[in-house]
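Asker: Got final.cif for you, mmCIF, C-alpha atoms and all ligand atoms:
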```cif
data_target
loop_
_atom_site.label_atom_id
_atom_site.label_comp_id
_atom_site.auth_asym_id
_atom_site.auth_seq_id
_atom_site.Cartn_x
_atom_site.Cartn_y
_atom_site.Cartn_z
CA MET A 1102 -11.91 -20.66 49.90
CA LYS A 1103 -9.77 -21.46 46.91
CA GLU A 1104 -7.67 -18.64 45.49
CA VAL A 1105 -9.30 -18.56 42.06
CA ILE A 1106 -8.36 -15.02 41.14
CA TYR A 1107 -4.67 -14.16 41.52
CA PRO A 1108 -4.11 -11.18 43.87
CA TRP A 1109 -2.74 -8.93 41.10
CA LEU A 1110 -5.86 -9.57 38.99
CA LYS A 1111 -8.05 -8.19 41.77
CA GLY A 1112 -6.38 -4.79 41.49
CA ALA A 1113 -5.87 -4.91 37.70
CA LYS A 1114 -6.39 -1.75 35.68
CA GLU A 1115 -8.83 -1.44 32.81
CA TYR A 1116 -8.98 0.50 29.57
CA ASP A 1117 -10.66 3.68 30.64
CA PHE A 1118 -12.47 5.91 28.15
CA THR A 1119 -15.82 7.56 27.54
CA ASP A 1120 -17.46 6.79 24.23
CA ILE A 1121 -20.20 8.53 22.28
CA LYS A 1122 -22.77 6.89 20.02
CA GLU A 1123 -23.30 9.81 17.73
CA GLY A 1124 -21.29 12.90 16.96
CA LEU A 1125 -17.69 13.50 16.20
CA ARG A 1126 -15.42 10.67 17.32
CA LEU A 1127 -12.00 12.23 17.69
CA HIS A 1128 -10.93 10.17 20.70
CA LEU A 1129 -9.73 6.81 19.38
CA ASN A 1130 -7.38 7.73 16.51
CA GLU A 1131 -9.60 6.01 13.99
CA SER A 1132 -9.65 6.72 10.26
CA PRO A 1133 -12.58 8.97 9.32
CA TYR A 1134 -13.08 7.00 6.10
CA PRO A 1135 -15.02 3.72 5.74
CA PRO A 1136 -13.17 0.62 4.52
CA PRO A 1137 -12.83 0.68 0.71
CA ASP A 1138 -15.50 -1.08 -1.38
CA PHE A 1139 -13.07 -3.63 -2.78
CA VAL A 1140 -12.32 -4.83 0.76
CA LEU A 1141 -16.00 -4.95 1.74
CA GLU A 1142 -16.90 -6.86 -1.43
CA ALA A 1143 -14.25 -9.48 -0.77
CA VAL A 1144 -15.39 -9.88 2.85
CA THR A 1145 -19.03 -10.20 1.76
CA ARG A 1146 -18.13 -12.97 -0.70
CA TYR A 1147 -16.53 -14.97 2.10
CA LEU A 1148 -19.27 -14.53 4.70
CA LYS A 1149 -21.16 -17.56 3.37
CA ALA A 1150 -18.21 -19.71 4.37
CA GLY A 1151 -18.73 -18.59 7.97
CA ASN A 1152 -19.90 -22.09 8.96
CA ARG A 1153 -16.40 -23.42 8.22
CA TYR A 1154 -13.04 -22.87 9.87
CA GLN A 1155 -10.88 -21.04 7.41
CA HIS A 1156 -8.26 -22.95 5.46
CA PRO A 1157 -4.73 -22.35 6.85
CA ASP A 1158 -3.77 -21.15 3.35
CA LEU A 1159 -5.52 -17.86 4.14
CA SER A 1160 -3.31 -17.25 7.11
CA LYS A 1161 -0.32 -18.17 4.92
CA ARG A 1162 -1.46 -15.68 2.25
CA PHE A 1163 -1.79 -12.93 4.86
CA ARG A 1164 1.75 -13.62 6.05
CA GLU A 1165 3.13 -13.53 2.52
CA LEU A 1166 1.46 -10.19 1.80
CA ALA A 1167 2.46 -8.61 5.12
CA ALA A 1168 6.02 -9.85 4.52
CA GLU A 1169 6.09 -8.31 1.04
CA TYR A 1170 4.67 -5.04 2.38
CA ASN A 1171 7.49 -4.86 4.94
CA GLY A 1172 10.37 -6.40 3.04
CA VAL A 1173 10.69 -9.32 5.48
CA GLU A 1174 10.09 -13.09 5.26
CA PRO A 1175 6.62 -14.70 5.71
CA ASP A 1176 7.88 -16.76 8.65
CA GLU A 1177 8.73 -13.47 10.42
CA ILE A 1178 5.03 -12.50 10.44
CA PHE A 1179 2.43 -13.54 13.01
CA PRO A 1180 -1.18 -12.45 12.25
CA THR A 1181 -3.07 -11.09 15.27
CA THR A 1182 -6.43 -9.65 16.27
CA GLY A 1183 -5.46 -6.01 15.82
CA GLY A 1184 -2.32 -4.37 17.16
CA ASP A 1185 -3.62 -5.05 20.64
CA GLY A 1186 -3.71 -8.79 19.96
CA ALA A 1187 -0.05 -8.49 18.99
CA ILE A 1188 0.88 -6.57 22.15
CA ARG A 1189 -1.09 -9.00 24.32
CA SER A 1190 0.61 -12.01 22.79
CA VAL A 1191 4.01 -10.63 23.82
CA PHE A 1192 2.93 -9.62 27.33
CA TYR A 1193 1.16 -12.95 27.94
CA ASN A 1194 3.72 -15.31 26.40
CA PHE A 1195 7.06 -13.66 27.09
CA THR A 1196 6.74 -12.33 30.63
CA GLN A 1197 5.80 -13.79 33.99
CA PRO A 1198 4.47 -12.20 37.20
CA GLY A 1199 7.11 -10.13 38.99
CA ASP A 1200 9.03 -9.25 35.81
CA VAL A 1201 9.83 -5.60 35.13
CA VAL A 1202 8.35 -3.94 32.06
CA LEU A 1203 9.88 -0.66 30.97
CA SER A 1204 8.11 2.00 28.90
CA ASN A 1205 7.91 5.72 28.30
CA TYR A 1206 5.54 8.02 30.12
CA PRO A 1207 3.17 9.05 28.73
CA GLY A 1208 2.63 6.08 26.46
CA TYR A 1209 -0.12 3.88 25.03
CA SER A 1210 -2.45 3.10 27.94
CA MET A 1211 -2.83 -0.63 27.24
CA TYR A 1212 0.77 -1.33 28.30
CA SER A 1213 -0.24 -0.55 31.88
CA VAL A 1214 -3.42 -2.59 31.57
CA TYR A 1215 -1.56 -5.69 30.37
CA SER A 1216 1.22 -5.14 32.92
CA SER A 1217 -1.31 -5.11 35.73
CA PHE A 1218 -3.01 -8.23 34.37
CA ARG A 1219 0.28 -10.10 34.21
CA GLY A 1220 1.37 -8.96 37.68
CA LEU A 1221 4.35 -7.15 36.15
CA ARG A 1222 6.25 -4.32 37.79
CA GLU A 1223 6.06 -1.22 35.65
CA GLU A 1224 8.96 1.18 35.31
CA ARG A 1225 8.33 4.30 33.34
CA VAL A 1226 10.71 6.93 32.00
CA ASN A 1227 9.30 10.41 31.47
CA LEU A 1228 9.43 11.89 28.00
CA ARG A 1229 11.02 15.34 27.83
CA GLU A 1230 9.34 18.31 26.27
CA ALA A 1231 11.66 19.68 23.57
CA GLY A 1232 10.09 22.67 21.85
CA ASP A 1233 7.43 21.43 19.49
CA TRP A 1234 8.21 17.77 20.15
CA TRP A 1235 8.60 15.24 22.97
CA GLN A 1236 11.75 13.14 23.25
CA GLU A 1237 12.65 9.85 24.88
CA ASP A 1238 15.29 9.88 27.62
CA MET A 1239 17.62 7.28 26.13
CA ASP A 1240 20.11 7.30 29.02
CA SER A 1241 17.43 6.45 31.55
CA LEU A 1242 15.88 3.82 29.29
CA LEU A 1243 19.28 2.17 28.85
CA SER A 1244 20.11 2.31 32.55
CA LYS A 1245 16.85 0.55 33.43
CA ALA A 1246 16.75 -1.87 30.49
CA ASP A 1247 19.14 -4.40 32.06
CA ARG A 1248 16.71 -5.18 34.87
CA SER A 1249 13.68 -5.26 32.53
CA ARG A 1250 12.20 -8.34 30.95
CA LEU A 1251 10.36 -6.29 28.36
CA VAL A 1252 10.96 -2.82 26.95
CA VAL A 1253 7.90 -1.53 25.12
CA ILE A 1254 8.03 1.66 23.12
CA ASP A 1255 5.25 3.11 21.02
CA ASP A 1256 7.07 4.66 18.09
CA PRO A 1257 5.65 7.18 17.23
CA ASN A 1258 4.48 7.84 20.77
CA ASN A 1259 0.81 7.93 21.72
CA PRO A 1260 -0.41 10.42 23.01
CA THR A 1261 2.26 12.99 22.06
CA GLY A 1262 2.52 12.06 18.35
CA SER A 1263 6.31 12.44 18.51
CA PRO A 1264 8.77 10.07 16.84
CA MET A 1265 10.92 8.11 19.33
CA LEU A 1266 13.77 5.81 18.22
CA GLN A 1267 12.92 6.36 14.55
CA ALA A 1268 14.37 2.99 13.58
CA ASN A 1269 17.83 4.19 14.68
CA GLU A 1270 19.87 0.99 14.73
CA ASP A 1271 22.35 2.13 17.38
CA LYS A 1272 19.56 2.91 19.85
CA ILE A 1273 17.64 -0.30 19.09
CA LYS A 1274 20.80 -2.40 19.30
CA ALA A 1275 21.71 -0.86 22.67
CA LEU A 1276 18.26 -1.63 24.09
CA ALA A 1277 18.15 -5.12 22.56
CA GLU A 1278 21.56 -5.95 24.06
CA ARG A 1279 20.65 -4.74 27.54
CA VAL A 1280 17.08 -5.95 28.02
CA LYS A 1281 16.64 -9.37 29.65
CA GLY A 1282 13.94 -10.38 27.17
CA ILE A 1283 12.21 -8.50 24.38
CA VAL A 1284 12.23 -5.00 22.89
CA LEU A 1285 8.71 -4.39 21.59
CA LEU A 1286 8.36 -1.52 19.14
CA ASP A 1287 4.76 -0.57 18.60
CA GLU A 1288 4.52 0.91 15.11
CA ALA A 1289 0.73 1.29 15.03
CA TYR A 1290 1.10 4.60 13.18
CA TYR A 1291 3.79 3.47 10.72
CA GLU A 1292 1.82 4.51 7.63
CA PHE A 1293 1.84 8.10 8.97
CA SER A 1294 5.39 8.23 10.34
CA GLY A 1295 6.97 6.52 7.34
CA TYR A 1296 9.84 4.89 9.29
CA THR A 1297 10.09 1.31 10.49
CA ALA A 1298 12.59 -0.99 12.16
CA SER A 1299 11.09 -4.04 10.41
CA LYS A 1300 14.33 -4.93 8.61
CA LEU A 1301 16.18 -5.13 11.94
CA VAL A 1302 14.23 -8.16 13.21
CA SER A 1303 16.50 -10.49 11.23
CA LYS A 1304 19.52 -8.97 13.00
CA TYR A 1305 18.15 -8.70 16.55
CA PRO A 1306 16.28 -11.88 17.50
CA ASN A 1307 14.67 -10.23 20.55
CA LEU A 1308 13.22 -7.30 18.60
CA VAL A 1309 9.47 -7.50 17.99
CA ILE A 1310 7.41 -5.04 15.98
CA VAL A 1311 3.66 -4.41 16.26
CA ARG A 1312 1.56 -3.32 13.30
CA THR A 1313 -2.14 -2.77 12.75
CA LEU A 1314 -4.60 -2.26 9.92
CA SER A 1315 -6.83 -0.25 12.28
CA LYS A 1316 -5.47 3.16 11.42
CA ALA A 1317 -4.43 4.13 7.86
CA PHE A 1318 -6.11 0.98 6.42
CA SER A 1319 -9.49 2.04 7.93
CA LEU A 1320 -10.18 -1.42 9.39
CA ALA A 1321 -10.38 -0.78 13.15
CA SER A 1322 -13.39 -2.99 13.83
CA PHE A 1323 -12.08 -5.85 11.74
CA ARG A 1324 -9.41 -6.29 14.43
CA VAL A 1325 -6.53 -7.27 12.21
CA GLY A 1326 -2.86 -6.66 12.78
CA TYR A 1327 0.39 -8.59 13.02
CA LEU A 1328 3.76 -8.99 14.67
CA ILE A 1329 7.05 -8.85 12.82
CA ALA A 1330 9.64 -10.90 14.71
CA ASP A 1331 12.39 -13.46 14.54
CA ARG A 1332 11.08 -16.80 13.24
CA GLU A 1333 11.75 -18.54 16.58
CA ILE A 1334 9.43 -16.10 18.34
CA VAL A 1335 6.81 -16.51 15.60
CA LYS A 1336 7.11 -20.30 15.91
CA VAL A 1337 6.42 -20.20 19.65
CA LEU A 1338 3.39 -17.97 19.17
CA GLU A 1339 2.09 -20.25 16.42
CA LYS A 1340 2.37 -23.30 18.65
CA GLY A 1341 0.18 -21.63 21.25
CA SER A 1342 -2.59 -20.69 18.82
CA THR A 1343 -4.63 -22.03 15.91
CA PRO A 1344 -4.60 -20.71 12.32
CA PHE A 1345 -8.25 -19.72 13.01
CA ASP A 1346 -7.65 -17.11 15.72
CA VAL A 1347 -8.05 -14.08 13.45
CA PRO A 1348 -11.69 -14.34 12.34
CA LEU A 1349 -12.35 -15.11 8.66
CA PRO A 1350 -13.87 -11.68 7.75
CA SER A 1351 -10.91 -9.94 9.37
CA LEU A 1352 -8.37 -12.13 7.64
CA ILE A 1353 -10.06 -11.58 4.26
CA ALA A 1354 -10.19 -7.83 4.93
CA GLY A 1355 -6.49 -7.87 5.82
CA ILE A 1356 -5.49 -9.94 2.77
CA THR A 1357 -7.51 -7.78 0.37
CA ALA A 1358 -6.17 -4.57 1.90
CA LEU A 1359 -2.56 -5.76 1.72
CA GLU A 1360 -3.07 -6.76 -1.91
CA ARG A 1361 -3.68 -3.08 -2.69
CA PRO A 1362 -2.00 -1.14 0.12
CA SER A 1363 -1.77 2.06 -1.92
CA TYR A 1364 -5.12 3.23 -0.53
CA ALA A 1365 -3.64 3.31 2.98
CA ARG A 1366 -0.81 5.50 1.73
CA GLU A 1367 -3.36 7.85 0.19
CA ILE A 1368 -5.33 8.04 3.45
CA ALA A 1369 -2.13 8.64 5.41
CA SER A 1370 -1.10 11.42 3.07
CA GLU A 1371 -4.55 13.06 3.14
CA ILE A 1372 -4.74 12.89 6.94
CA SER A 1373 -1.19 14.19 7.32
CA GLY A 1374 -2.21 17.23 5.24
CA ASN A 1375 -5.26 17.71 7.46
CA ARG A 1376 -3.04 17.39 10.51
CA GLU A 1377 -0.91 20.33 9.43
CA TYR A 1378 -4.12 22.29 8.73
CA LEU A 1379 -5.47 21.46 12.20
CA TYR A 1380 -2.08 22.23 13.78
CA ARG A 1381 -2.13 25.76 12.35
CA ALA A 1382 -5.79 26.26 13.29
CA LEU A 1383 -5.15 25.20 16.92
CA LYS A 1384 -2.15 27.50 17.09
CA SER A 1385 -4.26 30.38 15.82
CA VAL A 1386 -6.69 29.78 18.72
CA GLY A 1387 -3.68 30.46 20.96
CA LEU A 1388 -2.98 26.90 22.09
CA LYS A 1389 0.38 25.22 22.65
CA VAL A 1390 0.21 22.39 20.11
CA TYR A 1391 2.93 19.82 19.50
CA LYS A 1392 4.10 18.60 16.12
CA SER A 1393 3.07 15.08 15.20
CA VAL A 1394 3.95 12.29 12.76
CA THR A 1395 0.67 10.45 13.39
CA ASN A 1396 -3.07 10.90 12.80
CA PHE A 1397 -3.54 12.83 16.07
CA LEU A 1398 -2.36 16.01 17.77
CA PHE A 1399 -1.43 16.67 21.39
CA PHE A 1400 -2.04 20.07 22.94
CA LYS A 1401 -1.96 21.87 26.27
CA TYR A 1402 -4.93 23.51 27.92
CA GLY A 1403 -5.34 24.20 31.63
CA GLY A 1404 -9.03 23.52 32.11
CA ASP A 1405 -11.81 21.07 31.35
CA LEU A 1406 -12.50 20.61 27.67
CA LEU A 1407 -13.95 17.11 27.77
CA SER A 1408 -17.38 17.89 29.20
CA PRO A 1409 -18.12 21.05 27.17
CA LEU A 1410 -16.99 19.28 23.99
CA LEU A 1411 -19.08 16.21 24.81
CA LYS A 1412 -22.10 18.46 25.30
CA ARG A 1413 -21.48 19.63 21.74
CA GLY A 1414 -21.19 16.03 20.52
CA ILE A 1415 -17.41 15.84 20.22
CA ALA A 1416 -15.20 13.28 21.97
CA ILE A 1417 -11.44 13.75 22.46
CA ARG A 1418 -9.03 12.35 25.09
CA ASN A 1419 -7.43 13.88 28.16
CA PRO A 1420 -4.55 11.45 28.77
CA ILE A 1421 -2.81 13.65 31.36
CA LYS A 1422 -3.96 16.63 33.35
CA ASP A 1423 -3.93 19.79 31.22
CA PHE A 1424 -3.02 17.88 28.04
CA TYR A 1425 -5.41 16.73 25.35
CA ARG A 1426 -5.21 14.44 22.36
CA VAL A 1427 -7.40 14.90 19.31
CA THR A 1428 -7.66 12.62 16.28
CA VAL A 1429 -7.22 14.27 12.89
CA GLY A 1430 -10.35 13.72 10.81
CA THR A 1431 -11.52 15.14 7.51
CA LYS A 1432 -10.98 18.87 6.89
CA GLU A 1433 -14.66 19.48 7.63
CA GLN A 1434 -14.35 17.63 10.96
CA CYS A 1435 -11.24 19.66 11.80
CA ASP A 1436 -13.19 22.87 11.08
CA ILE A 1437 -16.11 21.84 13.30
CA PHE A 1438 -13.73 20.89 16.11
CA VAL A 1439 -11.79 24.15 15.96
CA LYS A 1440 -14.97 26.24 15.82
CA GLU A 1441 -16.51 24.50 18.87
CA LEU A 1442 -13.22 24.54 20.76
CA GLY A 1443 -12.70 28.24 20.02
CA GLU A 1444 -16.16 29.02 21.40
CA ILE A 1445 -15.56 26.98 24.54
CA ILE A 1446 -12.24 28.71 25.20
CA GLU A 1447 -13.78 32.11 24.56
CA ASP A 1448 -16.68 31.36 26.93
CA SER A 1449 -14.28 30.31 29.67
CA ASN A 1450 -12.15 33.44 29.15
CA THR A 1451 -15.29 35.62 29.44
CA GLU A 1452 -16.34 33.82 32.63
CA GLN A 1453 -12.91 34.42 34.15
CA ARG A 1454 -12.93 38.16 33.34
C1 LIG B 1 0.20 2.96 20.09
C2 LIG B 1 -0.94 2.04 19.76
N1 LIG B 1 -0.70 0.73 19.67
C3 LIG B 1 -1.66 -0.13 19.39
C4 LIG B 1 -2.96 0.29 19.18
C5 LIG B 1 -3.96 -0.79 18.95
O1 LIG B 1 -4.83 -0.66 17.93
P1 LIG B 1 -5.63 -1.89 17.37
O2 LIG B 1 -5.72 -2.91 18.43
O3 LIG B 1 -6.95 -1.35 16.95
O4 LIG B 1 -4.84 -2.38 16.21
C6 LIG B 1 -3.28 1.64 19.28
C7 LIG B 1 -4.66 2.12 19.11
O5 LIG B 1 -5.03 3.23 19.34
C8 LIG B 1 -2.23 2.55 19.58
O6 LIG B 1 -2.44 3.85 19.70
#
```
Using the file provided, produce a representation of the structure as structure tokens.

Answerer:
Amino acid sequence: MKEVIYPWLKGAKEYDFTDIKEGLRLHLNESPYPPPDFVLEAVTRYLKAGNRYQHPDLSKRFRELAAEYNGVEPDEIFPTTGGDGAIRSVFYNFTQPGDVVLSNYPGYSMYSVYSSFRGLREERVNLREAGDWWQEDMDSLLSKADRSRLVVIDDPNNPTGSPMLQANEDKIKALAERVKGIVLLDEAYYEFSGYTASKLVSKYPNLVIVRTLSKAFSLASFRVGYLIADREIVKVLEKGSTPFDVPLPSLIAGITALERPSYAREIASEISGNREYLYRALKSVGLKVYKSVTNFLFFKYGGDLLSPLLKRGIAIRNPIKDFYRVTVGTKEQCDIFVKELGEIIEDSNTEQR
């Protein structure tokens, strides 16, 4: 028998979540709002050109707009299929089996999935609970960085919602100097957190930043995102792809959105207001809730909430035992969630009495 499937692929992990078709989707950190009409109209106009490969000028336009949005140069931008496409391109092109990848725990679940697919050795550093926030353990990260090929940090962190390096140059420099390969900062929630290390890519050629239009731009299913990186890294990624990889409707959606990015800022500001509202409501139910600079909240509860909530048509995530993550939706959605959650907790308290 030929060895068609590499041994590490046989035991590879997968993205593990339960979805719902109808009801309240508070489990994937999506925007509760549909894409704006001006984006949908632009996409619709281009659909008739779906028989053609898009002209490379579109990809160029996307890069110019993303560059302007971030105050970097167009040749420091690489368009990708969502933030995940960006993360994958780094894992698949800049590591090889046996390499060590270093990340925080807990962290975005796809880092483990891609590590297992690439046969990488994962090292994880526990976040520390610090009052209402979670904090990275910088000393441990630094001490492990020099044997790691890739350091990947979701900043802000998913699932805790806490800020991590916060674009602090000293911390980024220290990691970039120690790591054997790349420091990947995943800024999927940048529009909510408001800080970015994008300007540092011109100073640290092994710093790579991930962005997505899935969250504050309300374009999750268009699968459009990008990397911000040194031009040499972008050049390598370009060589290994075509200018057609991001599908035409997604590219048009991305271009149109980045032409008028103010709507994403408005969504981020609205959702951040709702987040504080939900934070107070969850506290008033008696839960330990953590502060967040994202569109989700992390809270503690020692019992099963997933199945009773699902029965009531609400999906959230349970990333670690006794800890839950809920996406911040509209105010009405927050109200429904808190009401149902309050009833579930009350029922379980009554049963225990
Ligand atoms: C930290 C983080 N990075 C990346 C992503 C990827 O999102 P997408 O591939 O939709 O852009 C997510 C999505 O939830 C995320 O939480």

Asker: Can you work out which residues are within 8 Å of ligand LIG 1 (chain B), considering only C-alpha atoms and all ligand atoms, and then hand them over as a ChimeraX atom specification?

Answerer: /A:1129-1131,1182-1188,1208-1209,1211,1255-1260,1287-1290,1311-1316,1321-1322,1324-1326

Asker: Rank A:Phe1397, A:Phe1195, A:Trp1235, A:Tyr1116 by their smallest atom-to-atom distance to A:Asn1307, using all atoms listed in the file, and report the top residue only.

Answerer: A:Phe1195

Asker: Select, from A:Ile1437, A:Leu1308, A:Leu1266, A:Ile1372, the residue with the minimum atom-to-atom distance to A:Glu1278, counting only C-alpha atoms.

Answerer: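 Checking each candidate against A:Glu1278, we get A:Leu1308 as the closest.
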
Asker: Atom CA of A:Leu1166 and atom CA of A:Glu1339, how far apart in Å?

Answerer: 17.8 Å

Asker: If we count only C-alpha atoms, what is near stretch 1406-1417 of chain A at a cut-off of 6 Å, once residues fewer than 6 positions away on the same chain are taken out, given as a list in words?

Answerer: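 So the residues in contact are Gly1124, Leu1125, Arg1126, Leu1127, His1128 and Val1427 of chain A.
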